[in-house]
Each structure stands twice: as C-alpha cells, then as structure tokens.
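Shown below: input-v1.pdb, with PDB, C-alpha atoms.
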```pdb
ATOM      1  CA  MET B 835     -11.182 -49.177 -46.400  1.00  0.00           C
ATOM      2  CA  ALA B 836     -10.882 -51.493 -43.434  1.00  0.00           C
ATOM      3  CA  ALA B 837     -11.964 -50.160 -40.039  1.00  0.00           C
ATOM      4  CA  LEU B 838      -9.181 -48.990 -37.771  1.00  0.00           C
ATOM      5  CA  PRO B 839      -8.444 -51.102 -34.752  1.00  0.00           C
ATOM      6  CA  GLN B 840     -10.120 -49.812 -31.583  1.00  0.00           C
ATOM      7  CA  ARG B 841      -6.840 -48.749 -29.987  1.00  0.00           C
ATOM      8  CA  VAL B 842      -5.784 -46.769 -33.063  1.00  0.00           C
ATOM      9  CA  ARG B 843      -9.165 -45.074 -33.293  1.00  0.00           C
ATOM     10  CA  SER B 844      -8.962 -43.997 -29.640  1.00  0.00           C
ATOM     11  CA  ARG B 845      -5.494 -42.526 -30.069  1.00  0.00           C
ATOM     12  CA  SER B 846      -6.549 -40.657 -33.223  1.00  0.00           C
ATOM     13  CA  ALA B 847      -9.674 -39.270 -31.581  1.00  0.00           C
ATOM     14  CA  LEU B 848      -7.883 -37.907 -28.532  1.00  0.00           C
ATOM     15  CA  PRO B 849      -6.136 -34.949 -30.224  1.00  0.00           C
ATOM     16  CA  LEU B 850      -9.378 -34.068 -32.030  1.00  0.00           C
ATOM     17  CA  ALA B 851     -11.250 -34.053 -28.730  1.00  0.00           C
ATOM     18  CA  LEU B 852      -8.649 -31.746 -27.236  1.00  0.00           C
ATOM     19  CA  VAL B 853      -8.885 -29.389 -30.205  1.00  0.00           C
ATOM     20  CA  ALA B 854     -12.681 -29.326 -29.926  1.00  0.00           C
ATOM     21  CA  ALA B 855     -12.465 -28.572 -26.211  1.00  0.00           C
ATOM     22  CA  VAL B 856     -10.233 -25.596 -26.911  1.00  0.00           C
ATOM     23  CA  ILE B 857     -12.192 -24.252 -29.872  1.00  0.00           C
ATOM     24  CA  ALA B 858     -15.708 -24.671 -28.414  1.00  0.00           C
ATOM     25  CA  PRO B 859     -15.385 -21.816 -25.886  1.00  0.00           C
ATOM     26  CA  LEU B 860     -14.137 -19.581 -28.683  1.00  0.00           C
ATOM     27  CA  TRP B 861     -17.202 -20.360 -30.740  1.00  0.00           C
ATOM     28  CA  ALA B 862     -19.439 -19.524 -27.774  1.00  0.00           C
ATOM     29  CA  ALA B 863     -17.664 -16.263 -26.931  1.00  0.00           C
ATOM     30  CA  GLU B 864     -19.689 -13.948 -29.187  1.00  0.00           C
ATOM     31  CA  LEU B 865     -23.416 -13.408 -29.338  1.00  0.00           C
ATOM     32  CA  THR B 866     -25.216 -15.433 -31.952  1.00  0.00           C
ATOM     33  CA  PRO B 867     -26.737 -13.408 -34.808  1.00  0.00           C
ATOM     34  CA  LEU B 868     -30.194 -14.080 -33.367  1.00  0.00           C
ATOM     35  CA  GLU B 869     -29.221 -12.909 -29.867  1.00  0.00           C
ATOM     36  CA  ARG B 870     -27.624  -9.790 -31.289  1.00  0.00           C
ATOM     37  CA  SER B 871     -30.592  -8.920 -33.513  1.00  0.00           C
ATOM     38  CA  ARG B 872     -33.111  -9.460 -30.693  1.00  0.00           C
ATOM     39  CA  LEU B 873     -31.185  -7.233 -28.327  1.00  0.00           C
ATOM     40  CA  THR B 874     -30.701  -4.421 -30.828  1.00  0.00           C
ATOM     41  CA  ALA B 875     -34.341  -4.603 -31.933  1.00  0.00           C
ATOM     42  CA  HIS B 876     -35.575  -4.285 -28.357  1.00  0.00           C
ATOM     43  CA  VAL B 877     -33.349  -1.306 -27.574  1.00  0.00           C
ATOM     44  CA  MET B 878     -34.472   0.470 -30.737  1.00  0.00           C
ATOM     45  CA  MET B 879     -38.114  -0.251 -29.937  1.00  0.00           C
ATOM     46  CA  THR B 880     -38.044   1.168 -26.415  1.00  0.00           C
ATOM     47  CA  GLU B 881     -36.265   4.353 -27.480  1.00  0.00           C
ATOM     48  CA  SER B 882     -38.815   5.196 -30.163  1.00  0.00           C
ATOM     49  CA  TRP B 883     -41.718   4.176 -27.953  1.00  0.00           C
ATOM     50  CA  LEU B 884     -40.624   6.370 -25.045  1.00  0.00           C
ATOM     51  CA  ILE B 885     -40.219   9.407 -27.281  1.00  0.00           C
ATOM     52  CA  ASP B 886     -43.670   8.853 -28.742  1.00  0.00           C
ATOM     53  CA  GLU B 887     -45.210   8.667 -25.274  1.00  0.00           C
ATOM     54  CA  VAL B 888     -43.720  11.801 -23.718  1.00  0.00           C
ATOM     55  CA  ALA B 889     -42.367  14.199 -26.342  1.00  0.00           C
ATOM     56  CA  ASN B 890     -45.561  16.233 -26.809  1.00  0.00           C
ATOM     57  CA  LEU B 891     -46.833  16.340 -23.235  1.00  0.00           C
ATOM     58  CA  SER B 892     -47.442  19.643 -21.459  1.00  0.00           C
ATOM     59  CA  SER B 893     -45.781  20.599 -18.176  1.00  0.00           C
ATOM     60  CA  GLY B 894     -49.070  19.917 -16.416  1.00  0.00           C
ATOM     61  CA  GLN B 895     -49.268  16.441 -17.867  1.00  0.00           C
ATOM     62  CA  LEU B 896     -45.628  15.698 -17.052  1.00  0.00           C
ATOM     63  CA  SER B 897     -46.105  16.767 -13.435  1.00  0.00           C
ATOM     64  CA  PHE B 898     -49.466  15.045 -12.885  1.00  0.00           C
ATOM     65  CA  ARG B 899     -49.446  12.655  -9.913  1.00  0.00           C
ATOM     66  CA  PRO B 900     -52.249  10.058  -9.934  1.00  0.00           C
ATOM     67  CA  SER B 901     -51.945   9.450  -6.193  1.00  0.00           C
ATOM     68  CA  PRO B 902     -49.780  10.742  -3.331  1.00  0.00           C
ATOM     69  CA  SER B 903     -47.499   7.683  -3.584  1.00  0.00           C
ATOM     70  CA  SER B 904     -47.293   7.612  -7.397  1.00  0.00           C
ATOM     71  CA  TRP B 905     -44.555   8.988  -9.605  1.00  0.00           C
ATOM     72  CA  THR B 906     -45.214  11.649 -12.182  1.00  0.00           C
ATOM     73  CA  ILE B 907     -44.218  11.058 -15.797  1.00  0.00           C
ATOM     74  CA  MET B 908     -41.299  13.432 -15.316  1.00  0.00           C
ATOM     75  CA  GLU B 909     -40.149  11.367 -12.333  1.00  0.00           C
ATOM     76  CA  VAL B 910     -40.411   8.166 -14.362  1.00  0.00           C
ATOM     77  CA  VAL B 911     -38.170   9.680 -17.024  1.00  0.00           C
ATOM     78  CA  GLU B 912     -35.761  10.963 -14.379  1.00  0.00           C
ATOM     79  CA  HIS B 913     -35.603   7.482 -12.838  1.00  0.00           C
ATOM     80  CA  LEU B 914     -34.570   6.101 -16.236  1.00  0.00           C
ATOM     81  CA  VAL B 915     -31.929   8.817 -16.541  1.00  0.00           C
ATOM     82  CA  VAL B 916     -30.590   7.949 -13.075  1.00  0.00           C
ATOM     83  CA  VAL B 917     -30.401   4.184 -13.586  1.00  0.00           C
ATOM     84  CA  GLY B 918     -28.948   4.303 -17.105  1.00  0.00           C
ATOM     85  CA  PRO B 919     -25.296   4.730 -16.022  1.00  0.00           C
ATOM     86  CA  ILE B 920     -25.807   2.405 -13.034  1.00  0.00           C
ATOM     87  CA  TYR B 921     -27.104  -0.448 -15.159  1.00  0.00           C
ATOM     88  CA  TRP B 922     -24.403   0.130 -17.768  1.00  0.00           C
ATOM     89  CA  ASN B 923     -21.711  -0.076 -15.081  1.00  0.00           C
ATOM     90  CA  ASP B 924     -23.283  -3.282 -13.756  1.00  0.00           C
ATOM     91  CA  LEU B 925     -23.012  -4.747 -17.259  1.00  0.00           C
ATOM     92  CA  GLN B 926     -19.383  -3.729 -17.697  1.00  0.00           C
ATOM     93  CA  THR B 927     -18.464  -5.000 -14.233  1.00  0.00           C
ATOM     94  CA  ALA B 928     -20.035  -8.353 -15.030  1.00  0.00           C
ATOM     95  CA  VAL B 929     -18.133  -8.928 -18.292  1.00  0.00           C
ATOM     96  CA  ARG B 930     -14.868  -8.225 -16.465  1.00  0.00           C
ATOM     97  CA  GLY B 931     -15.714 -10.708 -13.727  1.00  0.00           C
ATOM     98  CA  PRO B 932     -15.162 -14.463 -13.444  1.00  0.00           C
ATOM     99  CA  ARG B 933     -16.688 -16.791 -16.024  1.00  0.00           C
ATOM    100  CA  LEU B 934     -19.911 -18.655 -15.337  1.00  0.00           C
ATOM    101  CA  ASN B 935     -19.769 -22.428 -15.315  1.00  0.00           C
ATOM    102  CA  ARG B 936     -23.463 -22.886 -16.121  1.00  0.00           C
ATOM    103  CA  ASP B 937     -25.955 -21.888 -18.808  1.00  0.00           C
ATOM    104  CA  LEU B 938     -28.647 -19.397 -17.743  1.00  0.00           C
ATOM    105  CA  SER B 939     -30.134 -18.780 -21.178  1.00  0.00           C
ATOM    106  CA  ASN B 940     -33.397 -20.494 -20.254  1.00  0.00           C
ATOM    107  CA  GLY B 941     -34.145 -17.374 -18.188  1.00  0.00           C
ATOM    108  CA  ASP B 942     -34.462 -15.126 -21.276  1.00  0.00           C
ATOM    109  CA  ALA B 943     -38.259 -15.419 -21.296  1.00  0.00           C
ATOM    110  CA  HIS B 944     -38.428 -14.192 -17.705  1.00  0.00           C
ATOM    111  CA  ILE B 945     -36.483 -11.070 -18.653  1.00  0.00           C
ATOM    112  CA  LEU B 946     -38.874 -10.388 -21.528  1.00  0.00           C
ATOM    113  CA  TRP B 947     -41.945 -10.900 -19.348  1.00  0.00           C
ATOM    114  CA  TYR B 948     -40.494  -8.493 -16.793  1.00  0.00           C
ATOM    115  CA  GLY B 949     -40.967  -5.707 -19.322  1.00  0.00           C
ATOM    116  CA  ILE B 950     -44.562  -6.656 -20.057  1.00  0.00           C
ATOM    117  CA  ASP B 951     -46.147  -7.860 -16.823  1.00  0.00           C
ATOM    118  CA  ARG B 952     -46.742  -5.052 -14.330  1.00  0.00           C
ATOM    119  CA  THR B 953     -49.040  -7.094 -12.079  1.00  0.00           C
ATOM    120  CA  SER B 954     -46.058  -7.460  -9.754  1.00  0.00           C
ATOM    121  CA  ARG B 955     -44.933  -3.999  -8.629  1.00  0.00           C
ATOM    122  CA  GLU B 956     -41.517  -3.164  -7.239  1.00  0.00           C
ATOM    123  CA  THR B 957     -40.114  -0.308  -5.187  1.00  0.00           C
ATOM    124  CA  ALA B 958     -36.958   1.369  -6.452  1.00  0.00           C
ATOM    125  CA  ILE B 959     -33.995   1.293  -4.113  1.00  0.00           C
ATOM    126  CA  PRO B 960     -33.068   4.729  -2.679  1.00  0.00           C
ATOM    127  CA  SER B 961     -30.069   5.285  -4.963  1.00  0.00           C
ATOM    128  CA  GLU B 962     -32.249   4.759  -8.045  1.00  0.00           C
ATOM    129  CA  ARG B 963     -35.219   6.920  -7.103  1.00  0.00           C
ATOM    130  CA  PRO B 964     -35.774  10.183  -9.016  1.00  0.00           C
ATOM    131  CA  PRO B 965     -34.178  13.018  -7.006  1.00  0.00           C
ATOM    132  CA  GLY B 966     -36.581  15.599  -8.423  1.00  0.00           C
ATOM    133  CA  ARG B 967     -33.994  17.705 -10.230  1.00  0.00           C
ATOM    134  CA  LEU B 968     -35.139  17.110 -13.814  1.00  0.00           C
ATOM    135  CA  ARG B 969     -37.119  20.082 -15.079  1.00  0.00           C
ATOM    136  CA  ASP B 970     -36.742  19.785 -18.846  1.00  0.00           C
ATOM    137  CA  ILE B 971     -38.147  16.716 -20.583  1.00  0.00           C
ATOM    138  CA  LYS B 972     -35.993  17.402 -23.635  1.00  0.00           C
ATOM    139  CA  ALA B 973     -32.865  17.236 -21.490  1.00  0.00           C
ATOM    140  CA  GLY B 974     -34.049  13.952 -20.011  1.00  0.00           C
ATOM    141  CA  LEU B 975     -34.715  12.454 -23.420  1.00  0.00           C
ATOM    142  CA  GLN B 976     -31.339  13.642 -24.674  1.00  0.00           C
ATOM    143  CA  ALA B 977     -29.598  11.869 -21.787  1.00  0.00           C
ATOM    144  CA  LEU B 978     -31.581   8.714 -22.465  1.00  0.00           C
ATOM    145  CA  ARG B 979     -30.770   8.904 -26.163  1.00  0.00           C
ATOM    146  CA  LYS B 980     -27.052   8.876 -25.335  1.00  0.00           C
ATOM    147  CA  ASP B 981     -27.567   5.814 -23.141  1.00  0.00           C
ATOM    148  CA  HIS B 982     -29.470   4.099 -25.951  1.00  0.00           C
ATOM    149  CA  GLU B 983     -26.780   4.888 -28.497  1.00  0.00           C
ATOM    150  CA  ARG B 984     -24.081   3.472 -26.232  1.00  0.00           C
ATOM    151  CA  LEU B 985     -26.007   0.268 -25.527  1.00  0.00           C
ATOM    152  CA  LEU B 986     -27.065  -0.116 -29.148  1.00  0.00           C
ATOM    153  CA  GLU B 987     -23.517   0.251 -30.447  1.00  0.00           C
ATOM    154  CA  TYR B 988     -22.335  -2.225 -27.832  1.00  0.00           C
ATOM    155  CA  ALA B 989     -25.050  -4.723 -28.778  1.00  0.00           C
ATOM    156  CA  LYS B 990     -24.155  -4.434 -32.464  1.00  0.00           C
ATOM    157  CA  THR B 991     -20.387  -4.777 -32.098  1.00  0.00           C
ATOM    158  CA  THR B 992     -19.370  -6.395 -28.804  1.00  0.00           C
ATOM    159  CA  LYS B 993     -17.286  -9.541 -28.807  1.00  0.00           C
ATOM    160  CA  ASP B 994     -17.703  -9.953 -25.048  1.00  0.00           C
ATOM    161  CA  ASP B 995     -18.853 -13.357 -23.858  1.00  0.00           C
ATOM    162  CA  LEU B 996     -22.100 -12.112 -22.336  1.00  0.00           C
ATOM    163  CA  ARG B 997     -23.515 -15.575 -21.770  1.00  0.00           C
ATOM    164  CA  ARG B 998     -20.661 -16.615 -19.513  1.00  0.00           C
ATOM    165  CA  HIS B 999     -20.682 -13.756 -17.006  1.00  0.00           C
ATOM    166  CA  LEU B1000     -23.015 -13.166 -14.089  1.00  0.00           C
ATOM    167  CA  VAL B1001     -24.767  -9.982 -12.962  1.00  0.00           C
ATOM    168  CA  GLU B1002     -25.139 -10.779  -9.288  1.00  0.00           C
ATOM    169  CA  ARG B1003     -27.902  -8.309  -8.415  1.00  0.00           C
ATOM    170  CA  GLN B1004     -30.282 -10.052 -10.827  1.00  0.00           C
ATOM    171  CA  ALA B1005     -28.701 -13.535 -10.806  1.00  0.00           C
ATOM    172  CA  CYS B1006     -28.770 -13.434 -14.612  1.00  0.00           C
ATOM    173  CA  ASP B1007     -26.123 -13.565 -17.305  1.00  0.00           C
ATOM    174  CA  ALA B1008     -24.749 -10.384 -18.849  1.00  0.00           C
ATOM    175  CA  TYR B1009     -26.744 -10.822 -22.058  1.00  0.00           C
ATOM    176  CA  GLN B1010     -29.946 -10.982 -20.052  1.00  0.00           C
ATOM    177  CA  TRP B1011     -28.876  -7.898 -18.125  1.00  0.00           C
ATOM    178  CA  ALA B1012     -28.303  -5.966 -21.355  1.00  0.00           C
ATOM    179  CA  LEU B1013     -31.778  -7.050 -22.453  1.00  0.00           C
ATOM    180  CA  LEU B1014     -33.187  -6.124 -19.044  1.00  0.00           C
ATOM    181  CA  ILE B1015     -31.898  -2.556 -19.450  1.00  0.00           C
ATOM    182  CA  SER B1016     -34.342  -2.289 -22.339  1.00  0.00           C
ATOM    183  CA  THR B1017     -37.194  -4.314 -20.797  1.00  0.00           C
ATOM    184  CA  HIS B1018     -36.910  -2.222 -17.637  1.00  0.00           C
ATOM    185  CA  GLU B1019     -37.504   0.849 -19.775  1.00  0.00           C
ATOM    186  CA  GLN B1020     -40.418  -0.894 -21.470  1.00  0.00           C
ATOM    187  CA  ARG B1021     -41.889  -1.568 -18.043  1.00  0.00           C
ATOM    188  CA  HIS B1022     -41.764   2.143 -17.209  1.00  0.00           C
ATOM    189  CA  ILE B1023     -43.198   3.100 -20.586  1.00  0.00           C
ATOM    190  CA  LEU B1024     -46.209   1.012 -19.612  1.00  0.00           C
ATOM    191  CA  GLN B1025     -46.259   2.887 -16.306  1.00  0.00           C
ATOM    192  CA  ILE B1026     -46.390   6.164 -18.238  1.00  0.00           C
ATOM    193  CA  ARG B1027     -49.302   4.847 -20.259  1.00  0.00           C
ATOM    194  CA  GLU B1028     -51.091   3.927 -17.034  1.00  0.00           C
ATOM    195  CA  ILE B1029     -50.623   7.492 -15.737  1.00  0.00           C
ATOM    196  CA  LYS B1030     -52.030   8.883 -18.972  1.00  0.00           C
ATOM    197  CA  THR B1031     -55.174   6.739 -18.661  1.00  0.00           C
ATOM    198  CA  SER B1032     -55.963   8.117 -15.199  1.00  0.00           C
ATOM    199  CA  PRO B1033     -59.415   9.781 -15.150  1.00  0.00           C
ATOM    200  CA  LYS B1034     -57.891  12.968 -13.762  1.00  0.00           C
ATOM    201  CA  PHE B1035     -54.994  13.167 -16.223  1.00  0.00           C
ATOM    202  CA  PRO B1036     -54.937  16.706 -17.703  1.00  0.00           C
ATOM    203  CA  ARG B1037     -56.158  16.945 -21.262  1.00  0.00           C
ATOM    204  CA  GLU B1038     -53.509  19.507 -22.109  1.00  0.00           C
TER     205      GLU B1038
END
```
Written form, structure tokens:
Amino acid sequence: MAALPQRVRSRSALPLALVAAVIAPLWAAELTPLERSRLTAHVMMTESWLIDEVANLSSGQLSFRPSPSSWTIMEVVEHLVVVGPIYWNDLQTAVRGPRLNRDLSNGDAHILWYGIDRTSRETAIPSERPPGRLRDIKAGLQALRKDHERLLEYAKTTKDDLRRHLVERQACDAYQWALLISTHEQRHILQIREIKTSPKFPRE
C-alpha cells in the first residue's frame, strides 16, 4: 500500500492523539499490580512482626524505660495507636485534594529506608505523643489490628489515584504515604527491639 501523504497522515493522527491523551490518565488512575502487592505485603509484614515482638512480654518488660528520655514499649505501642487514625485521615484528605502535576515515584526508596534506618532520630509532635493512658497491651494490639485491616483492605481494593495526590506534611504522593504508615510502624518495631536489647531489660 502506498504511503499516505504527509497532510493526510497528520489529520488521521490527530484524533488518535486526542484519544490517547484522554485514556492515559485513566490507565494511570489505579495502582499497578506490583505497587498493590508491595503495599499489601508490607502492611501484613509489620502487623505480624509487631505481634511477635510484644505479645508475650510481662508488665515489667512493657513498662521498662531504658533512660529518662526514652519511651517504654507500652508507650511505643500507644504512639502507634494514636497516630493510626491521624495518618489514615491524612491519606483520605490527600486523595480528595487537587491532582499532582508531577511524578514523585522516585521517592519510594526513601520511604522504605525510613522504616529501616534509625540512625536519624525524630521527635514526635505533641499531638502524636503517647498520652500514657494505655494499660492493656491486648487492647492496644486490637486497635492496631483494626487499623491494619482497614489499610490492608484499602490497599487491596482501592481505585483511588494515589500517585497523583500529595500528602503535604511529608511532601510525598498518597501511595508513598500509605506505604509510610507501614514503614513508620516498622521503624518503631525496631525501636522496640532496641529496648529489648538494653542490658537492664527485665528478663521476665
């Protein structure tokens, strides 16, 4: 078949370009299977890991304070209970906000390293510090389990365009924030492990 004249080819390509421009955002709206599986795997990992670390500790171990400025394990768990609804609300606020006009996905590795690298310590803001009201570790774990179930179900089923919405407090996209909810917990699980390796940590 003879090649189309240049002018005809340009006119034919224009509608196709418009269709592609309309369809492309729709393709990008949902998480990719890889993004979804990575997020769900991380949430499932942190839940099981946290339970393993604290479920069989005694009251003395839960209330042990390595130093005057350190948190106890019970306070670490209470902090996670406190921030769970806050971080969830931040996520939901972000996906209802204006769309991002840039790609932030190259920051995923930073979010993952945040959960692993505790060489840089942070101080919780006042509204997210443990108030000291948690007395029952089982109650704390039950509250965290509900938060996990909600985030896990969301990660498995959401059609929200997480990559195109910004969480301002972290300057990350909403997908990264959902992942950070889990890596933040991982970070505190490592804190619990550090408390347990203290020379003065009670043996029972």
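Residues matching the PyMOL selection byres ((chain B and resi 924-937) around 6) in this structure come to Tyr921, Trp922, Asn923, Leu938, Ser939, Arg998, His999, Leu1000 and Val1001 of chain B.
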Between atom CA of B:Pro964 and atom CA of B:Val888, what is the spacing in Å?
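Atom CA of B:Pro964 lies 16.8 Å from atom CA of B:Val888.
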Nearest residue to B:Arg899 from the set B:Ser1032, B:Gln1004, B:Gln976, B:Gln1010 (distances using only C-alpha atoms):
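Counting only C-alpha atoms, the residue closest to B:Arg899 is B:Ser1032.
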For the point (-31.3, 13.7, -23.0) in file coordinates, what residues are within 12 Å, counting only C-alpha atoms? Give the answer as a ChimeraX atom specification?
/B:881,885,889,911-912,914-916,918,968-983
Tell me, counting all atoms listed in the file, for each residue of stretch 903-1016 of chain B within 12 Å of stretch 866-878 of chain B, which pair of atoms is nearest and how far apart they are in Å to one decimal, in rows ordered by chain and increasing number, as a tab-separated table.
```
residue	atom	partner	partner_atom	distance
B:Ser939	CA	B:Glu869	CA	10.5
B:Asp942	CA	B:Glu869	CA	10.3
B:Ile945	CA	B:Leu873	CA	11.7
B:Leu946	CA	B:His876	CA	9.7
B:Gly949	CA	B:His876	CA	10.6
B:Leu978	CA	B:Val877	CA	11.4
B:Arg979	CA	B:Met878	CA	10.3
B:Asp981	CA	B:Val877	CA	10.2
B:His982	CA	B:Val877	CA	6.8
B:Glu983	CA	B:Val877	CA	9.1
B:Arg984	CA	B:Val877	CA	10.5
B:Leu985	CA	B:Val877	CA	7.8
B:Leu986	CA	B:Thr874	CA	5.9
B:Glu987	CA	B:Thr874	CA	8.6
B:Tyr988	CA	B:Thr874	CA	9.2
B:Ala989	CA	B:Thr874	CA	6.0
B:Lys990	CA	B:Arg870	CA	6.5
B:Thr991	CA	B:Arg870	CA	8.8
B:Thr992	CA	B:Arg870	CA	9.3
B:Lys993	CA	B:Thr866	CA	10.4
B:Asp994	CA	B:Thr866	CA	11.6
B:Asp995	CA	B:Thr866	CA	10.5
B:Leu996	CA	B:Glu869	CA	10.4
B:Arg997	CA	B:Glu869	CA	10.3
B:Ala1008	CA	B:Leu873	CA	11.9
B:Tyr1009	CA	B:Glu869	CA	8.5
B:Gln1010	CA	B:Leu873	CA	9.2
B:Trp1011	CA	B:Leu873	CA	10.5
B:Ala1012	CA	B:Leu873	CA	7.6
B:Leu1013	CA	B:Leu873	CA	5.9
B:Leu1014	CA	B:Leu873	CA	9.6
B:Ile1015	CA	B:Val877	CA	8.3
B:Ser1016	CA	B:Val877	CA	5.4
```
Centre, edges in Å (one decimal): axis-aligned box, stretch 886-891 of chain B, 6 Å padding on all six sides, as JSON:
```
{"center_x": -44.6, "center_y": 12.5, "center_z": -26.0, "size_x": 16.5, "size_y": 19.7, "size_z": 17.5}
```
Quick one: of B:Ile920, B:Leu865, B:Ile1029, B:Glu887, who's nearest to B:Arg1003, counting only C-alpha atoms?
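The closest residue to B:Arg1003 is B:Ile920.
When atom CA of B:Glu909 is paired with atom CA of B:Arg967, their separation reads 9.1 Å.
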Provide the atom CA of B:Glu962 to atom CA of B:Leu891 distance in Å, to one decimal place.
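Separation of atom CA of B:Glu962 and atom CA of B:Leu891: 24.0 Å.
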Closest to B:His913 among B:Gly966, B:Gly894, B:Pro900, B:Gly941, using all atoms listed in the file?
B:Gly966
Kindly indicate which residue among B:Arg1021, B:Arg1027, B:Ser901, B:Glu1002 lies nearest to B:Arg955, using only C-alpha atoms for the distances.
B:Arg1021
